[in-house]
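Q: As input, take data-v1.pdb (PDB, C-alpha atoms):
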ATOM      1  CA  MET A 796     -56.877 288.279  -8.031
ATOM      2  CA  THR A 797     -53.392 289.709  -8.429
ATOM      3  CA  LEU A 798     -53.621 291.060  -4.899
ATOM      4  CA  SER A 799     -54.240 287.618  -3.414
ATOM      5  CA  ILE A 800     -51.461 286.110  -5.522
ATOM      6  CA  GLY A 801     -49.079 288.780  -4.260
ATOM      7  CA  LEU A 802     -50.190 288.120  -0.685
ATOM      8  CA  ALA A 803     -49.671 284.394  -1.181
ATOM      9  CA  LEU A 804     -46.176 284.985  -2.555
ATOM     10  CA  LEU A 805     -45.333 287.228   0.377
ATOM     11  CA  LEU A 806     -46.613 284.589   2.780
ATOM     12  CA  ALA A 807     -44.626 281.869   1.052
ATOM     13  CA  ILE A 808     -41.417 283.901   1.288
ATOM     14  CA  ALA A 809     -42.068 284.657   4.952
ATOM     15  CA  MET A 810     -42.716 280.964   5.591
ATOM     16  CA  VAL A 811     -39.459 279.941   3.943
ATOM     17  CA  VAL A 812     -37.542 282.580   5.910
ATOM     18  CA  SER A 813     -39.020 281.475   9.224
ATOM     19  CA  ALA A 814     -38.403 277.821   8.362
ATOM     20  CA  ILE A 815     -34.761 278.616   7.649
ATOM     21  CA  MET A 816     -34.598 280.511  10.932
ATOM     22  CA  ALA A 817     -36.060 277.496  12.694
ATOM     23  CA  THR A 818     -33.628 274.989  11.263
ATOM     24  CA  ARG A 819     -30.427 276.992  10.794
ATOM     25  CA  GLY A 820     -30.771 279.645  13.478
ATOM     26  CA  ARG A 821     -27.733 279.686  15.737
ATOM     27  CA  ARG A 822     -28.838 282.237  18.285
ATOM     28  CA  SER A 823     -30.877 280.132  20.656
ATOM     29  CA  LEU A 824     -33.207 277.166  20.693
ATOM     30  CA  GLY A 825     -36.052 279.311  21.988
ATOM     31  CA  ILE A 826     -35.927 281.526  18.918
ATOM     32  CA  SER A 827     -35.824 278.452  16.694
ATOM     33  CA  ILE A 828     -38.965 277.079  18.344
ATOM     34  CA  LEU A 829     -40.725 280.420  17.976
ATOM     35  CA  ALA A 830     -39.724 280.528  14.311
ATOM     36  CA  ALA A 831     -41.173 277.044  13.773
ATOM     37  CA  GLY A 832     -44.404 278.197  15.399
ATOM     38  CA  LEU A 833     -44.418 281.265  13.175
ATOM     39  CA  ALA A 834     -44.034 279.059  10.087
ATOM     40  CA  SER A 835     -47.101 277.076  11.215
ATOM     41  CA  LEU A 836     -49.068 280.255  11.840
ATOM     42  CA  LEU A 837     -48.224 281.583   8.382
ATOM     43  CA  ALA A 838     -49.135 278.203   6.923
ATOM     44  CA  SER A 839     -52.567 278.467   8.516
ATOM     45  CA  VAL A 840     -53.069 281.910   6.934
ATOM     46  CA  MET A 841     -51.994 280.345   3.650
ATOM     47  CA  PHE A 842     -54.609 277.603   4.043
ATOM     48  CA  LEU A 843     -57.226 280.266   4.670
ATOM     49  CA  LEU A 844     -56.146 282.031   1.493
ATOM     50  CA  LEU A 845     -56.403 278.777  -0.447
ATOM     51  CA  GLY A 846     -59.984 278.350   0.736
ATOM     52  CA  ALA A 847     -59.533 275.660   3.381
ATOM     53  CA  PRO A 848     -60.679 277.256   6.653
ATOM     54  CA  ASP A 849     -61.119 273.872   8.357
ATOM     55  CA  VAL A 850     -57.496 272.937   7.803
ATOM     56  CA  ALA A 851     -56.422 276.451   8.781
ATOM     57  CA  MET A 852     -58.118 276.116  12.164
ATOM     58  CA  THR A 853     -56.454 272.784  12.847
ATOM     59  CA  GLU A 854     -53.065 274.129  11.832
ATOM     60  CA  ALA A 855     -53.414 277.230  13.997
ATOM     61  CA  ALA A 856     -54.593 275.338  17.074
ATOM     62  CA  ILE A 857     -52.338 272.297  16.918
ATOM     63  CA  GLY A 858     -49.433 273.260  14.659
ATOM     64  CA  SER A 859     -48.636 276.644  16.077
ATOM     65  CA  GLY A 860     -50.305 276.470  19.485
ATOM     66  CA  LEU A 861     -49.914 273.118  21.167
ATOM     67  CA  THR A 862     -46.749 272.014  19.351
ATOM     68  CA  THR A 863     -44.864 275.190  20.206
ATOM     69  CA  PHE A 864     -45.842 274.786  23.833
ATOM     70  CA  LEU A 865     -44.759 271.150  23.760
ATOM     71  CA  PHE A 866     -41.320 272.051  22.414
ATOM     72  CA  PHE A 867     -40.827 274.726  25.070
ATOM     73  CA  PHE A 868     -41.939 272.320  27.730
ATOM     74  CA  VAL A 869     -39.479 269.624  26.718
ATOM     75  CA  LEU A 870     -36.739 272.229  26.249
ATOM     76  CA  GLY A 871     -37.234 273.416  29.824
ATOM     77  CA  ARG A 872     -37.108 269.828  31.038
ATOM     78  CA  VAL A 873     -33.876 269.110  29.157
ATOM     79  CA  ARG A 874     -32.243 272.313  30.437
ATOM     80  CA  ARG A 875     -33.099 271.452  34.021
ATOM     81  CA  GLY A 876     -31.573 268.007  33.518
ATOM     82  CA  GLU A 877     -28.336 269.633  32.362
ATOM     83  CA  HIS A 878     -27.967 271.670  35.531
ATOM     84  CA  ASP A 879     -28.627 268.839  37.978
TER      85      ASP A 879
ATOM     86  CA  MET B 984     -16.880 268.789  -0.776
ATOM     87  CA  ILE B 985     -18.494 265.690  -2.295
ATOM     88  CA  LYS B 986     -21.166 265.825   0.368
ATOM     89  CA  ARG B 987     -21.984 269.421  -0.462
ATOM     90  CA  PHE B 988     -22.034 268.647  -4.179
ATOM     91  CA  THR B 989     -24.436 265.725  -3.648
ATOM     92  CA  LEU B 990     -26.671 267.945  -1.571
ATOM     93  CA  MET B 991     -26.761 270.582  -4.281
ATOM     94  CA  LEU B 992     -27.529 267.932  -6.893
ATOM     95  CA  LEU B 993     -30.351 266.584  -4.736
ATOM     96  CA  LEU B 994     -31.806 270.054  -4.230
ATOM     97  CA  ALA B 995     -31.581 270.807  -7.950
ATOM     98  CA  GLY B 996     -33.345 267.535  -8.736
ATOM     99  CA  LEU B 997     -36.102 268.305  -6.261
ATOM    100  CA  GLY B 998     -36.443 271.782  -7.708
ATOM    101  CA  ALA B 999     -36.705 270.353 -11.223
ATOM    102  CA  ILE B1000     -39.430 267.920 -10.118
ATOM    103  CA  PHE B1001     -41.461 270.645  -8.448
ATOM    104  CA  ALA B1002     -40.968 273.028 -11.364
ATOM    105  CA  GLY B1003     -42.197 270.323 -13.726
ATOM    106  CA  LEU B1004     -45.252 269.735 -11.553
ATOM    107  CA  MET B1005     -45.999 273.439 -11.399
ATOM    108  CA  LEU B1006     -45.570 274.129 -15.117
ATOM    109  CA  ASP B1007     -47.884 271.257 -15.987
ATOM    110  CA  TYR B1008     -50.532 272.391 -13.568
ATOM    111  CA  VAL B1009     -53.842 273.340 -15.097
ATOM    112  CA  PRO B1010     -56.676 274.209 -12.730
ATOM    113  CA  ASP B1011     -59.665 271.915 -13.108
ATOM    114  CA  ALA B1012     -62.490 273.516 -15.020
ATOM    115  CA  GLU B1013     -65.095 271.408 -13.223
ATOM    116  CA  LEU B1014     -65.346 269.176 -10.176
ATOM    117  CA  ASN B1015     -64.599 265.524 -10.589
ATOM    118  CA  ARG B1016     -67.413 263.011 -10.203
ATOM    119  CA  THR B1017     -67.118 262.379  -6.474
ATOM    120  CA  ALA B1018     -66.777 266.044  -5.627
ATOM    121  CA  ASP B1019     -69.661 266.840  -7.934
ATOM    122  CA  TYR B1020     -71.855 264.303  -6.144
ATOM    123  CA  TYR B1021     -70.953 265.768  -2.755
ATOM    124  CA  ALA B1022     -71.500 269.337  -3.901
ATOM    125  CA  LYS B1023     -74.897 268.598  -5.406
ATOM    126  CA  ASN B1024     -76.404 266.155  -2.946
ATOM    127  CA  THR B1025     -75.043 266.994   0.494
ATOM    128  CA  ALA B1026     -77.597 269.647   1.366
ATOM    129  CA  ALA B1027     -80.546 267.561   0.184
ATOM    130  CA  ASP B1028     -79.329 264.221   1.573
ATOM    131  CA  LEU B1029     -77.874 265.136   4.924
ATOM    132  CA  GLY B1030     -78.973 268.711   5.570
ATOM    133  CA  ALA B1031     -75.467 269.921   6.413
ATOM    134  CA  ALA B1032     -74.442 273.369   5.206
ATOM    135  CA  ASN B1033     -70.732 272.586   5.577
ATOM    136  CA  ILE B1034     -69.883 269.952   2.975
ATOM    137  CA  VAL B1035     -66.492 269.202   4.524
ATOM    138  CA  THR B1036     -68.166 268.244   7.785
ATOM    139  CA  ALA B1037     -70.734 266.122   5.968
ATOM    140  CA  ILE B1038     -67.935 264.195   4.265
ATOM    141  CA  ILE B1039     -65.882 263.786   7.428
ATOM    142  CA  VAL B1040     -68.700 262.777   9.742
ATOM    143  CA  THR B1041     -71.100 260.904   7.501
ATOM    144  CA  TYR B1042     -69.825 259.943   4.046
ATOM    145  CA  ARG B1043     -66.407 259.014   5.430
ATOM    146  CA  GLY B1044     -67.437 258.555   9.046
ATOM    147  CA  LEU B1045     -65.513 255.327   9.462
ATOM    148  CA  ASP B1046     -62.250 257.137   8.665
ATOM    149  CA  THR B1047     -63.029 259.640  11.391
ATOM    150  CA  LEU B1048     -63.566 256.804  13.830
ATOM    151  CA  GLY B1049     -60.153 255.497  12.814
ATOM    152  CA  GLU B1050     -58.551 258.905  13.342
ATOM    153  CA  VAL B1051     -60.091 259.229  16.775
ATOM    154  CA  THR B1052     -58.800 255.748  17.591
ATOM    155  CA  VAL B1053     -55.276 256.682  16.521
ATOM    156  CA  LEU B1054     -55.412 259.786  18.707
ATOM    157  CA  PHE B1055     -56.698 257.708  21.607
ATOM    158  CA  LEU B1056     -53.841 255.223  21.203
ATOM    159  CA  THR B1057     -51.315 258.071  21.160
ATOM    160  CA  ALA B1058     -52.737 259.571  24.340
ATOM    161  CA  ALA B1059     -52.773 256.160  25.989
ATOM    162  CA  ILE B1060     -49.142 255.469  25.064
ATOM    163  CA  VAL B1061     -48.001 258.896  26.277
ATOM    164  CA  GLY B1062     -49.796 258.211  29.541
ATOM    165  CA  LEU B1063     -48.250 254.761  29.825
ATOM    166  CA  VAL B1064     -44.686 255.892  29.169
ATOM    167  CA  LEU B1065     -44.800 258.952  31.401
ATOM    168  CA  ALA B1066     -46.816 257.460  34.233
ATOM    169  CA  ARG B1067     -44.255 254.754  34.873
ATOM    170  CA  GLU B1068     -41.478 257.287  35.394
ATOM    171  CA  LYS B1069     -43.665 259.189  37.752
ATOM    172  CA  HIS B1070     -44.412 256.174  39.937
ATOM    173  CA  GLU B1071     -40.822 255.230  40.611
ATOM    174  CA  GLN B1072     -39.925 258.367  42.481
ATOM    175  CA  SER B1073     -42.264 260.003  44.917
ATOM    176  CA  GLN B1074     -40.075 262.723  46.296
ATOM    177  CA  PRO B1075     -41.528 265.774  47.991
ATOM    178  CA  LYS B1076     -42.904 268.136  45.413
ATOM    179  CA  ARG B1077     -40.704 270.885  44.123
ATOM    180  CA  GLU B1078     -41.835 274.362  45.038
ATOM    181  CA  HIS B1079     -43.448 276.018  42.043
ATOM    182  CA  PRO B1080     -42.461 279.593  41.387
ATOM    183  CA  PRO B1081     -45.430 281.969  41.560
ATOM    184  CA  THR B1082     -47.056 282.300  38.174
ATOM    185  CA  GLY B1083     -47.517 286.039  38.152
ATOM    186  CA  GLU B1084     -50.459 288.387  38.335
ATOM    187  CA  LEU B1085     -50.693 288.910  34.602
ATOM    188  CA  LEU B1086     -51.048 285.224  33.810
ATOM    189  CA  THR B1087     -53.566 284.423  36.552
ATOM    190  CA  THR B1088     -55.774 287.430  35.825
ATOM    191  CA  GLY B1089     -55.536 286.831  32.096
ATOM    192  CA  THR B1090     -56.492 283.218  32.588
ATOM    193  CA  ARG B1091     -59.492 284.151  34.692
ATOM    194  CA  LEU B1092     -60.691 286.410  31.881
ATOM    195  CA  LEU B1093     -59.783 284.225  28.903
ATOM    196  CA  LEU B1094     -60.430 280.671  30.057
ATOM    197  CA  PRO B1095     -64.257 280.805  29.950
ATOM    198  CA  LEU B1096     -64.098 282.531  26.565
ATOM    199  CA  ILE B1097     -61.729 279.926  25.143
ATOM    200  CA  LEU B1098     -63.822 277.029  26.441
ATOM    201  CA  LEU B1099     -66.986 278.651  25.104
ATOM    202  CA  PHE B1100     -65.357 279.187  21.722
ATOM    203  CA  GLY B1101     -64.229 275.566  21.614
ATOM    204  CA  ALA B1102     -67.759 274.389  22.385
ATOM    205  CA  TYR B1103     -69.097 276.770  19.727
ATOM    206  CA  VAL B1104     -66.686 275.430  17.117
ATOM    207  CA  PHE B1105     -67.571 271.793  17.627
ATOM    208  CA  SER B1106     -71.301 272.285  18.034
ATOM    209  CA  HIS B1107     -71.524 274.418  14.875
ATOM    210  CA  GLY B1108     -69.391 272.052  12.800
ATOM    211  CA  HIS B1109     -72.218 271.385  10.355
ATOM    212  CA  LEU B1110     -72.779 275.100   9.686
ATOM    213  CA  THR B1111     -69.429 276.875   9.817
ATOM    214  CA  PRO B1112     -65.823 275.803   9.235
ATOM    215  CA  GLY B1113     -64.401 273.751  12.028
ATOM    216  CA  GLY B1114     -65.691 270.816  13.960
ATOM    217  CA  GLY B1115     -64.802 268.222  16.534
ATOM    218  CA  PHE B1116     -61.068 268.123  16.033
ATOM    219  CA  GLN B1117     -60.615 271.887  15.895
ATOM    220  CA  GLY B1118     -62.968 272.491  18.809
ATOM    221  CA  GLY B1119     -61.253 269.801  20.838
ATOM    222  CA  ALA B1120     -57.849 271.372  20.215
ATOM    223  CA  ILE B1121     -59.226 274.756  21.329
ATOM    224  CA  LEU B1122     -60.617 273.184  24.510
ATOM    225  CA  ALA B1123     -57.223 271.622  25.170
ATOM    226  CA  SER B1124     -55.466 274.962  24.715
ATOM    227  CA  GLY B1125     -57.801 276.377  27.374
ATOM    228  CA  MET B1126     -56.760 273.537  29.656
ATOM    229  CA  LEU B1127     -53.140 274.356  28.846
ATOM    230  CA  LEU B1128     -53.666 277.926  30.006
ATOM    231  CA  MET B1129     -55.133 276.612  33.236
ATOM    232  CA  LEU B1130     -52.162 274.296  33.746
ATOM    233  CA  LEU B1131     -49.777 277.193  33.226
ATOM    234  CA  SER B1132     -51.482 279.549  35.634
ATOM    235  CA  HIS B1133     -52.349 277.066  38.405
ATOM    236  CA  PRO B1134     -49.691 274.354  38.227
ATOM    237  CA  LEU B1135     -50.803 272.831  41.491
ATOM    238  CA  ARG B1136     -54.534 272.782  40.987
ATOM    239  CA  ARG B1137     -55.165 269.503  39.267
ATOM    240  CA  PHE B1138     -58.250 268.515  37.403
ATOM    241  CA  GLY B1139     -58.167 264.814  37.960
ATOM    242  CA  HIS B1140     -57.161 262.168  35.487
ATOM    243  CA  ARG B1141     -60.336 260.399  36.448
ATOM    244  CA  THR B1142     -62.617 263.167  35.153
ATOM    245  CA  ILE B1143     -60.759 263.255  31.864
ATOM    246  CA  ALA B1144     -60.880 259.479  31.530
ATOM    247  CA  VAL B1145     -64.626 259.423  32.229
ATOM    248  CA  VAL B1146     -65.360 262.193  29.701
ATOM    249  CA  GLU B1147     -63.227 260.493  27.073
ATOM    250  CA  SER B1148     -64.712 257.040  27.581
ATOM    251  CA  ILE B1149     -68.299 258.259  27.543
ATOM    252  CA  ALA B1150     -67.702 260.353  24.433
ATOM    253  CA  GLY B1151     -66.029 257.468  22.610
ATOM    254  CA  LEU B1152     -68.757 254.999  23.572
ATOM    255  CA  ALA B1153     -71.474 257.451  22.533
ATOM    256  CA  PHE B1154     -69.783 257.996  19.177
ATOM    257  CA  VAL B1155     -69.749 254.262  18.409
ATOM    258  CA  PHE B1156     -73.248 253.819  19.828
ATOM    259  CA  ILE B1157     -74.646 256.511  17.503
ATOM    260  CA  GLY B1158     -72.849 254.782  14.640
ATOM    261  CA  VAL B1159     -74.473 251.448  15.475
ATOM    262  CA  LEU B1160     -77.862 253.167  15.846
ATOM    263  CA  GLY B1161     -77.335 254.314  12.261
ATOM    264  CA  ILE B1162     -77.270 250.669  11.149
ATOM    265  CA  ALA B1163     -80.456 249.895  13.050
ATOM    266  CA  LEU B1164     -82.535 252.978  12.237
ATOM    267  CA  ALA B1165     -81.119 254.441   9.015
ATOM    268  CA  GLY B1166     -78.980 253.574   6.027
ATOM    269  CA  GLY B1167     -75.807 252.297   7.644
ATOM    270  CA  PHE B1168     -72.999 252.774  10.160
ATOM    271  CA  LEU B1169     -72.769 256.440  11.252
ATOM    272  CA  ASP B1170     -75.702 257.478   9.079
ATOM    273  CA  ASN B1171     -76.820 260.843  10.441
ATOM    274  CA  ARG B1172     -80.466 260.448   9.536
ATOM    275  CA  ILE B1173     -81.444 258.771  12.783
ATOM    276  CA  LEU B1174     -82.638 262.220  13.834
ATOM    277  CA  PRO B1175     -84.772 264.499  11.646
ATOM    278  CA  ILE B1176     -82.691 266.508   9.201
ATOM    279  CA  GLY B1177     -84.485 269.784   9.828
ATOM    280  CA  THR B1178     -84.003 272.991   7.868
ATOM    281  CA  LEU B1179     -80.672 273.703   6.269
ATOM    282  CA  GLY B1180     -78.630 276.212   8.228
ATOM    283  CA  GLU B1181     -80.237 275.899  11.653
ATOM    284  CA  LEU B1182     -78.316 274.835  14.726
ATOM    285  CA  VAL B1183     -80.507 271.808  15.400
ATOM    286  CA  SER B1184     -80.389 270.279  11.954
ATOM    287  CA  ALA B1185     -78.385 267.823   9.883
ATOM    288  CA  GLY B1186     -79.561 264.854  11.938
ATOM    289  CA  ALA B1187     -76.935 263.392  14.223
ATOM    290  CA  ILE B1188     -73.968 265.413  12.896
ATOM    291  CA  PRO B1189     -73.911 268.043  15.693
ATOM    292  CA  LEU B1190     -74.283 265.286  18.259
ATOM    293  CA  ILE B1191     -71.499 263.164  16.785
ATOM    294  CA  TYR B1192     -69.191 266.142  16.385
ATOM    295  CA  SER B1193     -69.814 267.266  19.952
ATOM    296  CA  PHE B1194     -68.760 263.859  21.198
ATOM    297  CA  VAL B1195     -65.718 263.890  18.923
ATOM    298  CA  GLY B1196     -64.844 267.364  20.233
ATOM    299  CA  LEU B1197     -65.114 266.296  23.860
ATOM    300  CA  LYS B1198     -63.071 263.184  23.154
ATOM    301  CA  VAL B1199     -60.306 265.027  21.301
ATOM    302  CA  GLY B1200     -60.215 267.734  23.972
ATOM    303  CA  ALA B1201     -59.968 265.134  26.721
ATOM    304  CA  GLU B1202     -57.208 263.278  24.900
ATOM    305  CA  PHE B1203     -55.077 266.375  24.333
ATOM    306  CA  SER B1204     -55.687 267.507  27.909
ATOM    307  CA  SER B1205     -54.599 264.164  29.292
ATOM    308  CA  MET B1206     -51.418 264.319  27.206
ATOM    309  CA  LEU B1207     -50.627 267.817  28.496
ATOM    310  CA  LEU B1208     -51.453 266.815  32.044
ATOM    311  CA  ASN B1209     -49.192 263.771  31.851
ATOM    312  CA  LEU B1210     -46.372 265.882  30.472
ATOM    313  CA  SER B1211     -46.730 268.509  33.149
ATOM    314  CA  GLU B1212     -46.730 265.900  35.892
ATOM    315  CA  THR B1213     -43.316 264.635  34.905
ATOM    316  CA  GLU B1214     -42.155 267.907  36.446
ATOM    317  CA  GLU B1215     -42.067 266.336  39.896
ATOM    318  CA  LEU B1216     -39.216 264.045  38.921
TER     319      LEU B1216
END
Using structure tokens, write down the structure from this file.
A:
Amino acid sequence: MTLSIGLALLLAIAMVVSAIMATRGRRSLGISILAAGLASLLASVMFLLLGAPDVAMTEAAIGSGLTTFLFFFVLGRVRRGEHD
Amino acid sequence: MIKRFTLMLLLAGLGAIFAGLMLDYVPDAELNRTADYYAKNTAADLGAANIVTAIIVTYRGLDTLGEVTVLFLTAAIVGLVLAREKHEQSQPKREHPPTGELLTTGTRLLLPLILLFGAYVFSHGHLTPGGGFQGGAILASGMLLMLLSHPLRRFGHRTIAVVESIAGLAFVFIGVLGIALAGGFLDNRILPIGTLGELVSAGAIPLIYSFVGLKVGAEFSSMLLNLSETEEL
């Protein structure tokens, strides 16, 4: 019991850190997008820990998979527009 | 300065609200009445081992139909907005950079596995966690991999549209069959319930979830395809 609570706390802290990296990170947009994807991935592990495997699967597939790709895709498009 | 102070005040207020919620929280000792009904009667009524799926597909099937409709509308609007931009300019296609050995070989190995896993997830929705939406998203991520590794090889919009339309029609048709043959719209007992825990069991749930999976997969794929085709601007 205490082990899973500790794991959940660790996950929560990691999620907050990656969310802060996603929103306040100054290094590059790519890293911010990756950090947002990481937050989603950790959230899906958290859902699994809370006993909701169905939600965890949705979060992992859509939240951290397709959304991250979508952001990168649009980012590439915007960058190309800048250079033209 | 004032702005920062207001922000801090807002954050402190939010923190106080959440702290209050958390300190008051007492875990429920027993399920509430609805949950209790579902937990006790799902296996006997519908023959589905996964209660979440039974609720989503049968007890609250109409909501699922609504969700699928919302997703369909989103895909249609994305297609509408992006397709118009594409039509206006038909310049010669930009040369795609080669995608790389690693990606193409990896895709050749992984794509069948991903598609198989997606099909497994939505056809076993009544037994294991997961179902139509999750399986559909997995199918779409397989399609995404294909788009990345072979940008020029298109799987037509027409195929996707046909799959999506047939799946949607079949979903509604099974629902209407439920009114005619069983207790009501989307009732799964139009087919025999079978033994709990077998693949062919739980009446129409595997069938309905397979159609939902195909539909969701087709919708996500069409969105990705539309997005990737704006590249030729």
Q: Written as a PDB file with C-alpha atoms, keeping the file's coordinate frame, which residues does the PyMOL selection byres ((chain B and resi 1167-1177) around 10) give for the file shown?
A:
ATOM      1  CA  ALA B1026     -77.597 269.647   1.366  1.00  0.00           C
ATOM      2  CA  ALA B1027     -80.546 267.561   0.184  1.00  0.00           C
ATOM      3  CA  ASP B1028     -79.329 264.221   1.573  1.00  0.00           C
ATOM      4  CA  LEU B1029     -77.874 265.136   4.924  1.00  0.00           C
ATOM      5  CA  GLY B1030     -78.973 268.711   5.570  1.00  0.00           C
ATOM      6  CA  ALA B1031     -75.467 269.921   6.413  1.00  0.00           C
ATOM      7  CA  ALA B1037     -70.734 266.122   5.968  1.00  0.00           C
ATOM      8  CA  VAL B1040     -68.700 262.777   9.742  1.00  0.00           C
ATOM      9  CA  THR B1041     -71.100 260.904   7.501  1.00  0.00           C
ATOM     10  CA  TYR B1042     -69.825 259.943   4.046  1.00  0.00           C
ATOM     11  CA  ARG B1043     -66.407 259.014   5.430  1.00  0.00           C
ATOM     12  CA  GLY B1044     -67.437 258.555   9.046  1.00  0.00           C
ATOM     13  CA  LEU B1045     -65.513 255.327   9.462  1.00  0.00           C
ATOM     14  CA  LEU B1048     -63.566 256.804  13.830  1.00  0.00           C
ATOM     15  CA  PHE B1154     -69.783 257.996  19.177  1.00  0.00           C
ATOM     16  CA  VAL B1155     -69.749 254.262  18.409  1.00  0.00           C
ATOM     17  CA  PHE B1156     -73.248 253.819  19.828  1.00  0.00           C
ATOM     18  CA  ILE B1157     -74.646 256.511  17.503  1.00  0.00           C
ATOM     19  CA  GLY B1158     -72.849 254.782  14.640  1.00  0.00           C
ATOM     20  CA  VAL B1159     -74.473 251.448  15.475  1.00  0.00           C
ATOM     21  CA  LEU B1160     -77.862 253.167  15.846  1.00  0.00           C
ATOM     22  CA  GLY B1161     -77.335 254.314  12.261  1.00  0.00           C
ATOM     23  CA  ILE B1162     -77.270 250.669  11.149  1.00  0.00           C
ATOM     24  CA  ALA B1163     -80.456 249.895  13.050  1.00  0.00           C
ATOM     25  CA  LEU B1164     -82.535 252.978  12.237  1.00  0.00           C
ATOM     26  CA  ALA B1165     -81.119 254.441   9.015  1.00  0.00           C
ATOM     27  CA  GLY B1166     -78.980 253.574   6.027  1.00  0.00           C
ATOM     28  CA  THR B1178     -84.003 272.991   7.868  1.00  0.00           C
ATOM     29  CA  LEU B1179     -80.672 273.703   6.269  1.00  0.00           C
ATOM     30  CA  GLY B1180     -78.630 276.212   8.228  1.00  0.00           C
ATOM     31  CA  GLU B1181     -80.237 275.899  11.653  1.00  0.00           C
ATOM     32  CA  LEU B1182     -78.316 274.835  14.726  1.00  0.00           C
ATOM     33  CA  VAL B1183     -80.507 271.808  15.400  1.00  0.00           C
ATOM     34  CA  SER B1184     -80.389 270.279  11.954  1.00  0.00           C
ATOM     35  CA  ALA B1185     -78.385 267.823   9.883  1.00  0.00           C
ATOM     36  CA  GLY B1186     -79.561 264.854  11.938  1.00  0.00           C
ATOM     37  CA  ALA B1187     -76.935 263.392  14.223  1.00  0.00           C
ATOM     38  CA  ILE B1188     -73.968 265.413  12.896  1.00  0.00           C
ATOM     39  CA  PRO B1189     -73.911 268.043  15.693  1.00  0.00           C
ATOM     40  CA  LEU B1190     -74.283 265.286  18.259  1.00  0.00           C
ATOM     41  CA  ILE B1191     -71.499 263.164  16.785  1.00  0.00           C
TER      42      ILE B1191
END
Q: Contacts from chain B to chain A, 7 Å maximum, only C-alpha atoms: show me the residue list as a PyMOL selection string.
A: chain B and resi 1112-1113+1117+1120-1121+1124
Q: Considering only C-alpha atoms, state which residue in the set B:Gly1119, B:Leu1130, B:Glu1050, B:Phe1100 is at the smallest distance from Thr1082 (chain B).
A: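 The answer is B:Leu1130, which sits nearest to Thr1082 (chain B).
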Q: Within 10 Å of Ser859 (chain A), counting only C-alpha atoms, which residues show up once you throw out same-chain ones fewer than 4 positions away? Write them as a list in words, please.
A: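 Listed by chain and then number, they are Ile828, Leu829, Ala830, Ala831, Gly832, Leu833, Ala834, Ser835, Leu836, Leu837, Ala838, Ser839, Thr853, Glu854, Ala855, Thr863 and Phe864 of chain A.
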Q: Can you work out the spacing between CA of Gly1139 (chain B) and CA of Val1199 (chain B) in Å, to one decimal?
A: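 It comes out at 16.8 Å.
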Q: Go ahead and compute the interatomic distance for CA of Leu1098 (chain B) and CA of Gly1114 (chain B), in Å to one decimal.
A: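 Atom-to-atom, CA of Leu1098 (chain B) to CA of Gly1114 (chain B), that is 14.1 Å.
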Q: Let me make sure I understand: among B:Leu1063, B:Leu994, B:Val1051, B:Ala1123, which one has the smallest atom-to-atom distance to Ser1148 (chain B) if we use only C-alpha atoms?
A: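 Looking only at the distances to Ser1148 (chain B), the closest residue turns out to be B:Val1051.
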Q: Which centre and which edge lengths, in Å to one decimal, describe the axis-aligned box that holds all listed atoms of region 815-822 of chain A after 5 Å is added on each side, as lines of an AutoDock Vina configuration file?
A:
center_x = -31.9
center_y = 278.6
center_z = 13.0
size_x = 18.3
size_y = 17.2
size_z = 20.6
Q: Counting all atoms listed in the file, which residue out of A:Arg822, A:Ser827, A:Met841, A:Val873 sits closest to Ala809 (chain A)?
A: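 Nearest candidate to Ala809 (chain A) out of A:Arg822, A:Ser827, A:Met841, A:Val873: A:Met841.
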Q: Would you work out the distance separating CA of Gly1125 (chain B) from CA of Ile1097 (chain B), expressed in Å to one decimal?
A: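 About the pair CA of Gly1125 (chain B) and CA of Ile1097 (chain B): they are 5.7 Å apart.
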Q: Please, which residues are within 6 Å of (-64.3, 273.9, 24.6) by the file's coordinates, counting all atoms listed in the file, and could they come as a ChimeraX atom specification?
A: /B:1098-1099,1101-1102,1122
Q: Which one is closest to Leu870 (chain A): A:Ile800, A:Ala814, A:Phe842, A:Ser823? Count all atoms listed in the file.
A: A:Ser823
Q: For each of A:Met816, A:Leu824, A:Ala807, A:Leu802, take the minimum atom-to-atom distance to Arg874 (chain A), counting all atoms listed in the file, then give the residue where this is smallest.
A: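 Between A:Met816, A:Leu824, A:Ala807, A:Leu802, the residue approaching Arg874 (chain A) most closely is A:Leu824.
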Q: Kindly indicate which residue among B:Met1126, B:Ser1211, B:Ala1066, B:Glu1013 lies nearest to Pro1095 (chain B), using all atoms listed in the file for the distances.
A: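 Going through B:Met1126, B:Ser1211, B:Ala1066, B:Glu1013 one by one, the smallest distance to Pro1095 (chain B) is for B:Met1126.
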